[in-house]
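Undergrad: So I've got this file, model-v3.tsv, and it contains TSV, C-alpha atoms and all ligand atoms:
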```
chain	number	residue	atom	x	y	z
Q	1	MET	CA	196.62	88.91	61.20
Q	2	GLU	CA	194.05	91.37	59.89
Q	3	GLY	CA	193.85	91.34	56.09
Q	4	ILE	CA	194.98	94.29	54.01
Q	5	GLN	CA	191.51	94.90	52.57
Q	6	SER	CA	189.97	95.17	56.02
Q	7	ILE	CA	192.74	97.54	57.15
Q	8	LYS	CA	192.06	99.71	54.13
Q	9	GLN	CA	188.39	99.85	55.02
Q	10	ARG	CA	189.14	100.62	58.64
Q	11	PHE	CA	191.47	103.49	57.74
Q	12	GLU	CA	189.50	104.63	54.70
Q	13	ILE	CA	192.34	103.99	52.32
Q	14	ILE	CA	191.20	103.71	48.71
Q	15	GLY	CA	193.21	101.93	46.04
Q	16	ASN	CA	194.60	98.60	44.98
Q	17	ASP	CA	198.03	99.55	43.70
Q	18	PRO	CA	200.51	96.76	44.48
Q	19	LYS	CA	203.06	99.22	45.91
Q	20	LEU	CA	200.44	100.74	48.18
Q	21	ASN	CA	199.36	97.27	49.27
Q	22	ARG	CA	202.98	96.39	49.97
Q	23	ALA	CA	203.38	99.52	52.11
Q	24	ILE	CA	200.30	98.59	54.15
Q	25	GLU	CA	201.50	95.02	54.45
Q	26	LYS	CA	204.88	96.22	55.71
Q	27	ALA	CA	203.11	98.37	58.30
Q	28	THR	CA	201.20	95.33	59.57
Q	29	GLN	CA	204.40	93.29	59.72
Q	30	VAL	CA	206.36	95.80	61.78
Q	31	ALA	CA	203.41	96.82	63.97
Q	32	PRO	CA	203.88	94.16	66.70
Q	33	THR	CA	207.59	95.02	67.07
Q	34	ASP	CA	209.16	98.18	68.45
Q	35	ILE	CA	211.19	98.82	65.32
Q	36	SER	CA	211.51	102.48	64.29
Q	37	VAL	CA	209.82	103.18	60.99
Q	38	LEU	CA	210.43	106.01	58.55
Q	39	VAL	CA	207.56	106.70	56.15
Q	40	THR	CA	208.71	108.40	52.96
Q	41	GLY	CA	206.89	109.79	49.96
Q	42	GLU	CA	205.96	113.02	48.25
Q	43	SER	CA	203.59	115.52	49.78
Q	44	GLY	CA	199.96	114.38	49.78
Q	45	VAL	CA	200.55	110.67	49.08
Q	46	GLY	CA	198.90	109.49	52.29
Q	47	LYS	CA	201.78	108.96	54.70
Q	48	GLU	CA	199.73	109.77	57.76
Q	49	SER	CA	197.71	106.54	57.74
Q	50	ILE	CA	200.81	104.38	58.19
Q	51	PRO	CA	201.70	105.37	61.78
Q	52	LYS	CA	198.02	105.04	62.72
Q	53	ILE	CA	197.93	101.52	61.32
Q	54	ILE	CA	201.15	100.62	63.13
Q	55	HIS	CA	199.89	101.96	66.46
Q	56	SER	CA	196.48	100.32	66.17
Q	57	LEU	CA	197.95	96.92	65.41
Q	58	SER	CA	200.60	97.09	68.11
Q	59	HIS	CA	200.53	96.09	71.76
Q	60	ARG	CA	200.60	99.84	72.44
Q	61	LYS	CA	197.13	100.40	71.00
Q	62	HIS	CA	195.53	101.20	74.35
Q	63	ALA	CA	198.21	103.75	75.22
Q	64	LYS	CA	198.57	107.22	73.69
Q	65	TYR	CA	199.21	107.99	70.06
Q	66	ILE	CA	200.64	111.48	69.60
Q	67	ALA	CA	201.19	113.03	66.19
Q	68	VAL	CA	203.67	115.90	66.17
Q	69	ASN	CA	204.17	118.08	63.12
Q	70	CYS	CA	207.84	118.94	63.59
Q	71	GLY	CA	207.71	121.53	60.80
Q	72	ALA	CA	204.93	123.50	62.48
Q	73	ILE	CA	206.52	123.99	65.90
Q	74	PRO	CA	208.86	126.98	66.24
Q	75	GLU	CA	212.50	126.07	66.79
Q	76	GLY	CA	212.57	127.79	70.18
Q	77	THR	CA	209.81	125.69	71.70
Q	78	ILE	CA	210.18	122.27	70.10
Q	79	ASP	CA	212.49	120.80	72.78
Q	80	SER	CA	210.06	121.85	75.45
Q	81	GLU	CA	207.07	120.48	73.50
Q	82	LEU	CA	208.74	117.12	72.99
Q	83	PHE	CA	210.61	116.68	76.26
Q	84	GLY	CA	208.91	119.11	78.66
Q	85	HIS	CA	210.55	121.77	80.80
Q	86	GLU	CA	211.28	122.63	84.40
Q	87	LYS	CA	209.75	125.63	86.10
Q	88	GLY	CA	211.98	128.65	85.41
Q	89	ALA	CA	213.86	126.94	82.56
Q	90	PHE	CA	213.21	130.01	80.39
Q	91	THR	CA	211.21	133.21	80.51
Q	92	GLY	CA	207.56	132.27	80.66
Q	93	ALA	CA	208.17	128.78	82.06
Q	94	THR	CA	206.07	129.41	85.14
Q	95	GLN	CA	205.35	125.76	85.75
Q	96	THR	CA	206.98	122.42	85.17
Q	97	ARG	CA	205.48	120.86	82.05
Q	98	SER	CA	205.53	117.32	80.71
Q	99	GLY	CA	206.50	116.84	77.09
Q	100	TYR	CA	205.06	114.41	74.55
Q	101	PHE	CA	207.73	111.78	75.28
Q	102	GLU	CA	206.61	111.66	78.90
Q	103	VAL	CA	202.89	111.75	78.12
Q	104	ALA	CA	203.13	109.05	75.45
Q	105	ASP	CA	205.03	106.63	77.70
Q	106	GLY	CA	203.93	103.15	76.61
Q	107	GLY	CA	202.48	104.48	73.36
Q	108	THR	CA	203.53	105.78	69.95
Q	109	ILE	CA	204.79	109.15	68.76
Q	110	PHE	CA	204.45	110.07	65.12
Q	111	LEU	CA	207.09	112.63	64.15
Q	112	ASP	CA	205.75	114.13	60.94
Q	113	GLU	CA	208.13	116.19	58.77
Q	114	VAL	CA	211.02	114.88	60.85
Q	115	GLY	CA	213.53	116.43	58.44
Q	116	GLU	CA	212.56	119.82	59.90
Q	117	LEU	CA	213.85	119.06	63.40
Q	118	PRO	CA	216.59	121.43	64.57
Q	119	LEU	CA	220.00	119.79	65.08
Q	120	THR	CA	219.90	120.26	68.85
Q	121	THR	CA	216.57	118.44	69.05
Q	122	GLN	CA	218.01	115.69	66.86
Q	123	VAL	CA	220.64	115.03	69.54
Q	124	ARG	CA	217.95	114.63	72.21
Q	125	LEU	CA	215.93	112.38	69.95
Q	126	LEU	CA	218.91	110.17	69.23
Q	127	ARG	CA	219.38	109.65	72.94
Q	128	VAL	CA	215.75	108.61	73.45
Q	129	LEU	CA	216.04	106.20	70.56
Q	130	GLU	CA	219.23	104.71	71.91
Q	131	ASN	CA	218.32	104.15	75.53
Q	132	GLY	CA	214.90	105.64	76.20
Q	133	GLU	CA	216.43	108.49	78.20
Q	134	PHE	CA	215.71	112.19	78.01
Q	135	LEU	CA	216.06	115.39	79.99
Q	136	LYS	CA	213.41	118.03	80.47
Q	137	VAL	CA	214.61	121.44	79.29
Q	138	GLY	CA	216.35	123.09	82.26
Q	139	SER	CA	216.71	119.83	84.16
Q	140	SER	CA	219.71	117.62	84.79
Q	141	GLN	CA	217.67	114.67	85.99
Q	142	THR	CA	217.46	111.87	83.46
Q	143	GLN	CA	213.99	110.45	82.82
Q	144	LYS	CA	213.02	107.21	81.15
Q	145	THR	CA	210.31	106.62	78.61
Q	146	ASP	CA	209.12	103.72	76.48
Q	147	VAL	CA	207.89	105.19	73.22
Q	148	ARG	CA	207.64	103.71	69.75
Q	149	ILE	CA	208.66	106.25	67.12
Q	150	VAL	CA	207.30	106.42	63.61
Q	151	ALA	CA	208.64	109.32	61.56
Q	152	ALA	CA	207.68	110.68	58.16
Q	153	THR	CA	209.31	112.92	55.62
Q	154	ASN	CA	208.61	114.23	52.16
Q	155	VAL	CA	212.12	115.58	51.68
Q	156	ASN	CA	215.15	113.71	50.44
Q	157	MET	CA	216.92	112.80	53.67
Q	158	PHE	CA	220.21	112.06	51.92
Q	159	GLU	CA	220.27	115.63	50.62
Q	160	ALA	CA	219.55	116.89	54.12
Q	161	ILE	CA	222.39	114.75	55.49
Q	162	LYS	CA	224.75	116.01	52.80
Q	163	LYS	CA	223.89	119.59	53.69
Q	164	GLU	CA	224.45	118.77	57.37
Q	165	LYS	CA	220.88	119.61	58.24
Q	166	PHE	CA	220.14	116.11	59.44
Q	167	ARG	CA	222.33	113.75	61.45
Q	168	GLU	CA	223.26	110.61	59.60
Q	169	ASP	CA	223.30	108.48	62.76
Q	170	LEU	CA	219.77	109.63	63.61
Q	171	TYR	CA	218.59	108.89	60.09
Q	172	TYR	CA	219.75	105.28	60.40
Q	173	ARG	CA	218.17	104.92	63.84
Q	174	LEU	CA	214.86	106.26	62.57
Q	175	SER	CA	214.76	104.27	59.38
Q	176	THR	CA	215.36	100.74	60.56
Q	177	VAL	CA	212.45	99.97	58.29
Q	178	GLU	CA	211.47	102.38	55.55
Q	179	ILE	CA	207.96	102.38	54.17
Q	180	ASN	CA	207.65	104.26	50.90
Q	181	ILE	CA	204.29	105.45	49.63
Q	182	PRO	CA	204.36	105.82	45.84
Q	183	PRO	CA	203.28	109.06	44.14
Q	184	LEU	CA	199.76	109.11	42.67
Q	185	ARG	CA	201.08	109.31	39.09
Q	186	GLU	CA	202.52	105.84	39.57
Q	187	ARG	CA	199.18	104.47	40.78
Q	188	THR	CA	197.37	104.88	37.48
Q	189	GLU	CA	194.78	102.25	38.25
Q	190	ASP	CA	193.75	104.05	41.42
Q	191	ILE	CA	193.41	107.61	40.12
Q	192	HIS	CA	189.88	107.37	38.73
Q	193	LEU	CA	188.77	105.21	41.64
Q	194	LEU	CA	189.93	107.86	44.09
Q	195	PHE	CA	188.33	110.63	42.05
Q	196	ARG	CA	184.97	108.84	42.07
Q	197	LYS	CA	185.21	108.27	45.79
Q	198	PHE	CA	185.91	111.97	46.43
Q	199	ALA	CA	183.24	113.06	43.91
Q	200	SER	CA	180.72	110.86	45.70
Q	201	ASP	CA	181.76	112.23	49.13
Q	202	PHE	CA	181.53	115.84	48.01
Q	203	GLY	CA	178.25	115.24	46.18
Q	204	GLN	CA	176.83	114.05	49.50
Q	205	LYS	CA	178.49	116.78	51.52
Q	206	TYR	CA	177.17	119.59	49.34
Q	207	LYS	CA	173.88	117.83	48.60
Q	208	MET	CA	174.40	117.87	44.86
Q	209	PRO	CA	174.40	115.04	42.30
Q	210	THR	CA	177.78	113.35	42.02
Q	211	ILE	CA	179.94	114.68	39.17
Q	212	ARG	CA	181.05	112.21	36.53
Q	213	LEU	CA	183.94	112.44	34.11
Q	214	GLN	CA	183.59	111.83	30.38
Q	215	ASP	CA	186.06	109.38	28.87
Q	216	ASP	CA	188.40	112.05	27.48
Q	217	ALA	CA	188.48	113.74	30.89
Q	218	VAL	CA	189.36	110.41	32.51
Q	219	GLN	CA	192.29	110.11	30.11
Q	220	LEU	CA	193.53	113.54	31.17
Q	221	LEU	CA	193.12	112.59	34.82
Q	222	LEU	CA	195.36	109.57	34.24
Q	223	LYS	CA	198.01	111.49	32.31
Q	224	TYR	CA	198.32	114.44	34.66
Q	225	ARG	CA	201.40	114.50	36.87
Q	226	TRP	CA	199.63	115.20	40.20
Q	227	PRO	CA	202.48	117.03	41.94
Q	228	GLY	CA	200.24	117.44	45.01
Q	229	ASN	CA	199.17	113.79	44.82
Q	230	ILE	CA	195.96	112.65	46.53
Q	231	ARG	CA	195.52	115.89	48.44
Q	232	GLN	CA	195.47	117.76	45.11
Q	233	LEU	CA	193.10	115.23	43.50
Q	234	ARG	CA	190.73	115.62	46.43
Q	235	ASN	CA	190.85	119.43	46.25
Q	236	ILE	CA	190.07	119.34	42.55
Q	237	ALA	CA	187.17	116.92	43.01
Q	238	GLU	CA	185.80	119.28	45.66
Q	239	GLN	CA	186.15	122.37	43.53
Q	240	ILE	CA	184.50	120.81	40.51
Q	241	SER	CA	181.72	119.37	42.68
Q	242	VAL	CA	180.93	122.82	44.01
Q	243	LEU	CA	181.53	125.02	40.99
Q	244	GLU	CA	180.28	123.14	37.95
Q	245	GLU	CA	176.58	123.29	37.18
Q	246	SER	CA	176.68	120.47	34.65
Q	247	ARG	CA	177.43	117.28	36.54
Q	248	THR	CA	179.07	115.64	33.52
Q	249	ILE	CA	182.61	116.92	33.21
Q	250	ASN	CA	184.36	116.99	29.86
Q	251	LEU	CA	188.04	117.37	29.07
Q	252	PRO	CA	188.21	121.19	28.67
Q	253	VAL	CA	186.36	121.72	31.95
Q	254	LEU	CA	188.65	119.37	33.85
Q	255	ASN	CA	191.66	120.90	32.16
Q	256	GLY	CA	190.62	124.28	33.52
Q	257	TYR	CA	191.06	122.96	37.04
Q	258	LEU	CA	194.51	121.44	36.57
Q	259	PRO	CA	197.30	123.93	37.12
Q	260	THR	CA	199.42	124.14	33.98
Q	261	THR	CA	202.89	123.77	35.33
Q	262	GLY	CA	204.99	122.84	32.31
Q	263	ASP	CA	207.06	120.05	33.70
Q	264	SER	CA	204.88	120.31	36.80
Q	265	ASN	CA	207.82	121.46	38.85
Q	266	LEU	CA	205.60	124.03	40.40
Q	267	PRO	CA	207.64	124.83	43.50
Q	268	ALA	CA	210.66	125.89	41.43
Q	269	VAL	CA	208.82	129.16	40.71
Q	270	ILE	CA	208.92	130.20	44.32
Q	271	GLY	CA	211.69	128.07	45.72
Q	272	GLN	CA	214.43	130.70	45.54
Q	273	LYS	CA	213.98	132.87	48.59
Q	274	GLY	CA	212.33	130.72	51.22
Q	275	LYS	CA	214.14	128.15	53.29
Q	276	GLU	CA	214.45	124.93	51.40
Q	277	SER	CA	212.71	123.17	54.21
Q	278	ASP	CA	209.58	125.25	53.57
Q	279	PHE	CA	209.16	123.51	50.24
Q	280	SER	CA	205.96	121.58	50.89
Q	281	THR	CA	204.28	124.44	52.74
Q	282	GLU	CA	205.06	126.80	49.88
Q	283	ARG	CA	203.72	124.33	47.40
Q	284	GLU	CA	200.48	124.06	49.29
Q	285	ILE	CA	200.16	127.83	49.49
Q	286	LEU	CA	200.76	128.11	45.78
Q	287	TYR	CA	198.11	125.48	45.08
Q	288	LYS	CA	195.71	127.37	47.26
Q	289	VAL	CA	196.41	130.63	45.45
Q	290	LEU	CA	195.92	128.91	42.09
Q	291	PHE	CA	192.75	127.18	43.23
Q	292	ASP	CA	191.34	130.40	44.64
Q	293	MET	CA	192.11	132.19	41.38
Q	294	LYS	CA	190.45	129.43	39.42
Q	295	GLY	CA	187.45	129.66	41.73
Q	296	ASP	CA	187.19	133.42	41.15
Q	297	LEU	CA	187.47	132.89	37.43
Q	298	ASN	CA	184.63	130.38	37.48
Q	299	ASP	CA	182.49	132.74	39.53
Q	300	LEU	CA	183.17	135.51	37.01
Q	301	LYS	CA	182.32	133.20	34.14
Q	302	LYS	CA	179.00	132.37	35.74
Q	303	LEU	CA	178.22	136.01	36.33
Q	304	THR	CA	179.09	136.98	32.75
Q	305	LEU	CA	176.91	134.19	31.43
Q	306	GLU	CA	173.99	135.33	33.57
Q	307	LEU	CA	174.43	138.87	32.26
Q	308	LEU	CA	174.53	137.68	28.67
Q	309	LYS	CA	171.46	135.48	29.15
Q	310	ASN	CA	169.31	137.95	31.05
Q	311	ASN	CA	170.47	141.29	29.69
Q	312	ASP	CA	169.08	142.79	32.89
Q	313	THR	CA	171.87	144.05	35.12
Q	314	GLU	CA	169.70	144.82	38.12
Q	315	LYS	CA	168.01	141.42	38.15
Q	316	VAL	CA	171.36	139.63	37.81
Q	317	GLN	CA	172.78	141.80	40.60
Q	318	GLU	CA	169.89	140.93	42.89
Q	319	GLU	CA	170.00	137.24	42.15
Q	320	ASN	CA	173.76	136.94	42.50
Q	321	GLU	CA	174.36	139.16	45.48
Q	322	THR	CA	176.40	136.61	47.38
Q	323	LEU	CA	178.55	135.77	44.38
Q	324	ILE	CA	179.19	139.45	43.64
Q	325	GLN	CA	180.16	140.08	47.25
Q	326	LYS	CA	182.48	137.09	47.15
Q	327	ILE	CA	184.28	138.37	44.06
Q	328	TYR	CA	184.22	142.13	44.64
Q	329	GLY	CA	184.11	142.29	48.43
Q	330	GLU	CA	181.56	143.96	50.73
Q	331	ASN	CA	181.86	147.50	49.32
Q	332	GLY	CA	182.22	146.48	45.75
Q	333	GLU	CA	186.01	146.71	45.99
Q	334	VAL	CA	188.04	144.24	44.01
Q	335	ASN	CA	189.18	141.61	46.47
Q	336	VAL	CA	192.73	141.10	45.25
Q	337	PRO	CA	195.81	141.55	47.47
Q	338	ASP	CA	198.49	143.79	46.01
Q	339	SER	CA	201.34	141.89	44.50
Q	340	GLU	CA	203.81	142.68	47.29
Q	341	ASP	CA	201.48	141.25	49.93
Q	342	ALA	CA	200.90	138.18	47.84
Q	343	MET	CA	204.62	137.57	47.47
Q	344	GLU	CA	205.12	137.93	51.18
Q	345	VAL	CA	202.56	135.21	51.78
Q	346	LEU	CA	204.33	132.97	49.33
Q	347	GLN	CA	207.78	133.49	50.76
Q	348	LEU	CA	207.01	133.54	54.44
Q	349	PRO	CA	204.49	130.81	55.15
Q	350	GLU	CA	203.04	131.29	58.57
Q	351	ARG	CA	204.22	128.68	61.05
Q	352	LYS	CA	201.90	128.34	63.95
Q	353	PRO	CA	202.56	125.78	66.62
Q	354	GLU	CA	200.04	123.01	66.10
Q	355	HIS	CA	198.36	121.19	68.87
Q	356	ALA	CA	199.45	117.64	68.78
Q	357	ASP	CA	196.78	115.14	68.03
Q	358	THR	CA	196.59	113.21	71.25
Q	359	THR	CA	193.58	111.21	70.30
Q	360	ALA	CA	193.87	107.58	69.44
Q	361	PRO	CA	193.26	106.95	65.76
Q	362	THR	CA	189.67	106.29	64.84
Q	363	MET	CA	189.00	102.63	65.01
Q	364	ALA	CA	185.50	102.40	63.62
Q	365	SER	CA	184.25	103.43	60.22
Q	366	SER	CA	180.68	104.36	59.46
Q	367	PRO	CA	178.84	101.61	57.59
Q	368	ASP	CA	178.37	103.95	54.61
Q	369	LYS	CA	182.06	104.47	54.15
Q	370	TYR	CA	182.61	100.79	54.71
Q	371	HIS	CA	180.58	99.90	51.69
Q	372	PHE	CA	182.07	102.37	49.31
Q	373	ALA	CA	184.10	99.87	47.28
Q	374	GLU	CA	180.92	97.95	46.52
Q	375	GLU	CA	179.15	101.13	45.51
Q	376	ILE	CA	181.79	101.84	42.90
Q	377	GLU	CA	181.52	98.39	41.43
Q	378	GLU	CA	177.77	98.75	41.11
Q	379	GLU	CA	178.14	102.07	39.36
Q	380	GLU	CA	180.59	100.51	36.96
Q	381	THR	CA	178.25	97.74	35.92
Q	382	LEU	CA	175.36	100.12	35.52
Q	383	SER	CA	177.28	102.68	33.52
Q	384	PRO	CA	179.82	100.95	31.32
Q	385	ASN	CA	180.61	104.18	29.47
Q	386	GLN	CA	181.73	106.16	32.44
D	401	LIG	N1	194.64	105.97	49.54
D	401	LIG	C1	193.90	107.00	49.98
D	401	LIG	N2	192.57	106.92	50.01
D	401	LIG	C2	191.81	107.96	50.42
D	401	LIG	N3	192.30	109.12	50.84
D	401	LIG	C3	193.62	109.27	50.85
D	401	LIG	C4	194.50	108.22	50.44
D	401	LIG	N4	195.77	108.65	50.56
D	401	LIG	C5	195.70	109.90	51.02
D	401	LIG	N5	194.42	110.29	51.20
D	401	LIG	C6	193.96	111.60	51.66
D	401	LIG	O1	194.82	112.57	51.04
D	401	LIG	C7	195.13	113.61	51.94
D	401	LIG	C8	196.64	113.73	52.09
D	401	LIG	O2	197.15	112.60	52.79
D	401	LIG	P1	198.23	112.76	53.97
D	401	LIG	O3	197.87	113.91	54.83
D	401	LIG	O4	198.43	111.45	54.60
D	401	LIG	O5	199.48	113.15	53.07
D	401	LIG	P2	201.02	113.17	53.47
D	401	LIG	O6	201.68	112.10	52.69
D	401	LIG	O7	201.14	113.16	54.96
D	401	LIG	O8	201.48	114.58	52.87
D	401	LIG	P3	202.50	115.69	53.49
D	401	LIG	O9	203.89	115.17	53.25
D	401	LIG	O10	202.21	116.91	52.68
D	401	LIG	O11	202.15	115.84	54.93
D	401	LIG	C9	194.41	113.28	53.24
D	401	LIG	O12	193.18	113.98	53.24
D	401	LIG	C10	194.17	111.79	53.15
D	401	LIG	O13	193.04	111.41	53.87
D	402	MG	MG	201.54	114.69	56.37
```
Spit out the file's structure as structure tokens when you get a sec.
Ligand SMILES: Nc1ncnc2c1ncn2[C@@H]1O[C@H](COP(=O)(O)OP(=O)(O)OP(=O)(O)O)[C@@H](O)[C@H]1O
Ligand SMILES: [Mg+2]
TA:
Amino acid sequence: MEGIQSIKQRFEIIGNDPKLNRAIEKATQVAPTDISVLVTGESGVGKESIPKIIHSLSHRKHAKYIAVNCGAIPEGTIDSELFGHEKGAFTGATQTRSGYFEVADGGTIFLDEVGELPLTTQVRLLRVLENGEFLKVGSSQTQKTDVRIVAATNVNMFEAIKKEKFREDLYYRLSTVEINIPPLRERTEDIHLLFRKFASDFGQKYKMPTIRLQDDAVQLLLKYRWPGNIRQLRNIAEQISVLEESRTINLPVLNGYLPTTGDSNLPAVIGQKGKESDFSTEREILYKVLFDMKGDLNDLKKLTLELLKNNDTEKVQEENETLIQKIYGENGEVNVPDSEDAMEVLQLPERKPEHADTTAPTMASSPDKYHFAEEIEEEETLSPNQ
């Protein structure tokens, strides 16, 4: 069986945390079977690699792998997306259409955010899981399919069951094996490693020297709660890589990029009005708003500094035209939405149907990425103080 280290390289998974290793090991163990797997863990912990690993190591690897984001498909169309529909089944159904369960016959379907499935769809899914049978919407003719299901959720399924939003029988069918991905704050040893990997990637992407953290900043990185987990760490590495002129980052600078959230229960601020199931989307929107604000603030700081240094408004204006336009908009108007608009965005996250990813997971890694772990080790020996 392929070793865990080589799987990590293949799927570009960074880290050596024992719980993460165990999760990957579990994925390799269940891969050759048809057991249903439920991947659990907070938002941004890296759940999406698990179904890809399972599919790639299974006998289904040459058949289709379809990832469906259940939370992004409107309730009215999800049955048709998953199971297909007959011509004339509803207004606009001008042709018979195959659903993902038909298309992925012989392969794997990844049901991301499975807790968001409407109850009616849950009934259909239970049937497929029990005997491989399903009905197209508007049809009474049973069809058969042979699909391996891997599901993922970042919500507490027991809560959902208690609130009768999720069927208990379906939960047990889906979670024959549960693979939990630990939050980043519990993977202390991996945090700086991941940060350096992202800093190196973004340094290359934006053609700038890689940022490095001073020791006190590293300590802050390790203590922070990371409510958005690896996704948040990556975003912050990107922002700092782009916005900071000095490539050595000290504690106050890093601190400026970390949202101060008290107990870090960020979503509680906006969790009142929206559906509870919109939790993770709202959190992401809030991060984005905070990051954008921080970005604007940094731009303003730079501009003020230029003004102070040069004492020549016209020159500064000329030299920083793009920055000024970014902050103040095309016509010099302040580019800030009024508070009502902003609240609407926060409470009503847009839910567009997403195209399912019908491509097989990438099997090959570029040699550069492959050698990243070695690169880090080299850096460590060369720079013992970093
Ligand atoms: N161990 C890791 N090494 C490198 N990158 C990682 C790792 N874990 C996660 N990532 C990256 O972090 C980001 C978030 O991961 P992913 O999309 O899998 O999160 P998730 O658990 O599915 O979150 P959500 O519940 O919000 O969908 C992705 O860009 C992913 O590539
Ligand atoms: Mg995900």
Undergrad: Which residue, Q:Ala67, Q:Ile240, Q:Ile191, Q:Ile50, has the smallest gap to Arg212 (chain Q) when you use only C-alpha atoms?
TA: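 Closest to Arg212 (chain Q), using only C-alpha atoms: Q:Ile240.
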Undergrad: Ligand LIG 401 (chain D): which residues are within 8 Å, counting all atoms listed in the file? Reply as a ChimeraX atom specification.
TA: /Q:12-15,20,40-49,112-113,152-154,181,194,228-232,234,280-281
Undergrad: Put those residues in a file: C-alpha atoms, as a PDB file, keeping the file's coordinate frame.
TA:
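And here is the file that came out, again.pdb:
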```pdb
ATOM      1  CA  GLU Q  12     189.500 104.630  54.700  1.00  0.00           C
ATOM      2  CA  ILE Q  13     192.340 103.990  52.320  1.00  0.00           C
ATOM      3  CA  ILE Q  14     191.200 103.710  48.710  1.00  0.00           C
ATOM      4  CA  GLY Q  15     193.210 101.930  46.040  1.00  0.00           C
ATOM      5  CA  LEU Q  20     200.440 100.740  48.180  1.00  0.00           C
ATOM      6  CA  THR Q  40     208.710 108.400  52.960  1.00  0.00           C
ATOM      7  CA  GLY Q  41     206.890 109.790  49.960  1.00  0.00           C
ATOM      8  CA  GLU Q  42     205.960 113.020  48.250  1.00  0.00           C
ATOM      9  CA  SER Q  43     203.590 115.520  49.780  1.00  0.00           C
ATOM     10  CA  GLY Q  44     199.960 114.380  49.780  1.00  0.00           C
ATOM     11  CA  VAL Q  45     200.550 110.670  49.080  1.00  0.00           C
ATOM     12  CA  GLY Q  46     198.900 109.490  52.290  1.00  0.00           C
ATOM     13  CA  LYS Q  47     201.780 108.960  54.700  1.00  0.00           C
ATOM     14  CA  GLU Q  48     199.730 109.770  57.760  1.00  0.00           C
ATOM     15  CA  SER Q  49     197.710 106.540  57.740  1.00  0.00           C
ATOM     16  CA  ASP Q 112     205.750 114.130  60.940  1.00  0.00           C
ATOM     17  CA  GLU Q 113     208.130 116.190  58.770  1.00  0.00           C
ATOM     18  CA  ALA Q 152     207.680 110.680  58.160  1.00  0.00           C
ATOM     19  CA  THR Q 153     209.310 112.920  55.620  1.00  0.00           C
ATOM     20  CA  ASN Q 154     208.610 114.230  52.160  1.00  0.00           C
ATOM     21  CA  ILE Q 181     204.290 105.450  49.630  1.00  0.00           C
ATOM     22  CA  LEU Q 194     189.930 107.860  44.090  1.00  0.00           C
ATOM     23  CA  GLY Q 228     200.240 117.440  45.010  1.00  0.00           C
ATOM     24  CA  ASN Q 229     199.170 113.790  44.820  1.00  0.00           C
ATOM     25  CA  ILE Q 230     195.960 112.650  46.530  1.00  0.00           C
ATOM     26  CA  ARG Q 231     195.520 115.890  48.440  1.00  0.00           C
ATOM     27  CA  GLN Q 232     195.470 117.760  45.110  1.00  0.00           C
ATOM     28  CA  ARG Q 234     190.730 115.620  46.430  1.00  0.00           C
ATOM     29  CA  SER Q 280     205.960 121.580  50.890  1.00  0.00           C
ATOM     30  CA  THR Q 281     204.280 124.440  52.740  1.00  0.00           C
TER      31      THR Q 281
END
```
Undergrad: Got a sec: who's within 12 Å of Gln141 (chain Q), counting only C-alpha atoms, leaving out chain neighbours fewer than 6 positions off, as a JSON list (two decimals) with C-alpha atoms, in the coordinates of the input?
TA:
```
[["chain", "number", "residue", "atom", "x", "y", "z"],
["Q", 85, "HIS", "CA", 210.55, 121.77, 80.80],
["Q", 86, "GLU", "CA", 211.28, 122.63, 84.40],
["Q", 133, "GLU", "CA", 216.43, 108.49, 78.20],
["Q", 134, "PHE", "CA", 215.71, 112.19, 78.01],
["Q", 135, "LEU", "CA", 216.06, 115.39, 79.99]]
```
Undergrad: Record the distance separating CA of Phe101 (chain Q) and CA of Pro74 (chain Q), expressed in Å with one decimal.
TA: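 Going from CA of Phe101 (chain Q) over to CA of Pro74 (chain Q), I get 17.7 Å.
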Undergrad: Between Q:Asn21, Q:Ala151, Q:Arg10, Q:Thr145, single out the one closest to ligand MG 402 (chain D), counting only C-alpha atoms and all ligand atoms.
TA: Q:Ala151
Undergrad: Have a look at Q:Ser56, Q:Gln9, Q:Thr142, Q:Asn69 and name the one nearest to ligand MG 402 (chain D); count all atoms listed in the file.
TA: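 When distances to ligand MG 402 (chain D) are compared using all atoms listed in the file, the smallest one comes from Q:Asn69.
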Undergrad: Find the residues near Gln204 (chain Q): any atom within 12 Å, counting only C-alpha atoms, skip ones fewer than 5 places away on the same chain, and give them as a PDB file with C-alpha atoms, in the coordinates of the input.
TA:
```
ATOM      1  CA  LYS Q 197     185.210 108.270  45.790  1.00  0.00           C
ATOM      2  CA  PHE Q 198     185.910 111.970  46.430  1.00  0.00           C
ATOM      3  CA  ALA Q 199     183.240 113.060  43.910  1.00  0.00           C
ATOM      4  CA  PRO Q 209     174.400 115.040  42.300  1.00  0.00           C
ATOM      5  CA  THR Q 210     177.780 113.350  42.020  1.00  0.00           C
ATOM      6  CA  ILE Q 211     179.940 114.680  39.170  1.00  0.00           C
ATOM      7  CA  GLU Q 238     185.800 119.280  45.660  1.00  0.00           C
ATOM      8  CA  SER Q 241     181.720 119.370  42.680  1.00  0.00           C
ATOM      9  CA  VAL Q 242     180.930 122.820  44.010  1.00  0.00           C
ATOM     10  CA  ASP Q 368     178.370 103.950  54.610  1.00  0.00           C
ATOM     11  CA  LYS Q 369     182.060 104.470  54.150  1.00  0.00           C
TER      12      LYS Q 369
END
```
Undergrad: Find the distance between CA of Arg225 (chain Q) and CA of Arg185 (chain Q) and write it in Å to one decimal.
TA: 5.7 Å
Undergrad: Tell me, in Å to one decimal, how far CA of Ala23 (chain Q) is from CA of Ile179 (chain Q).
TA: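 Value for the CA of Ala23 (chain Q)-CA of Ile179 (chain Q) distance: 5.8 Å.
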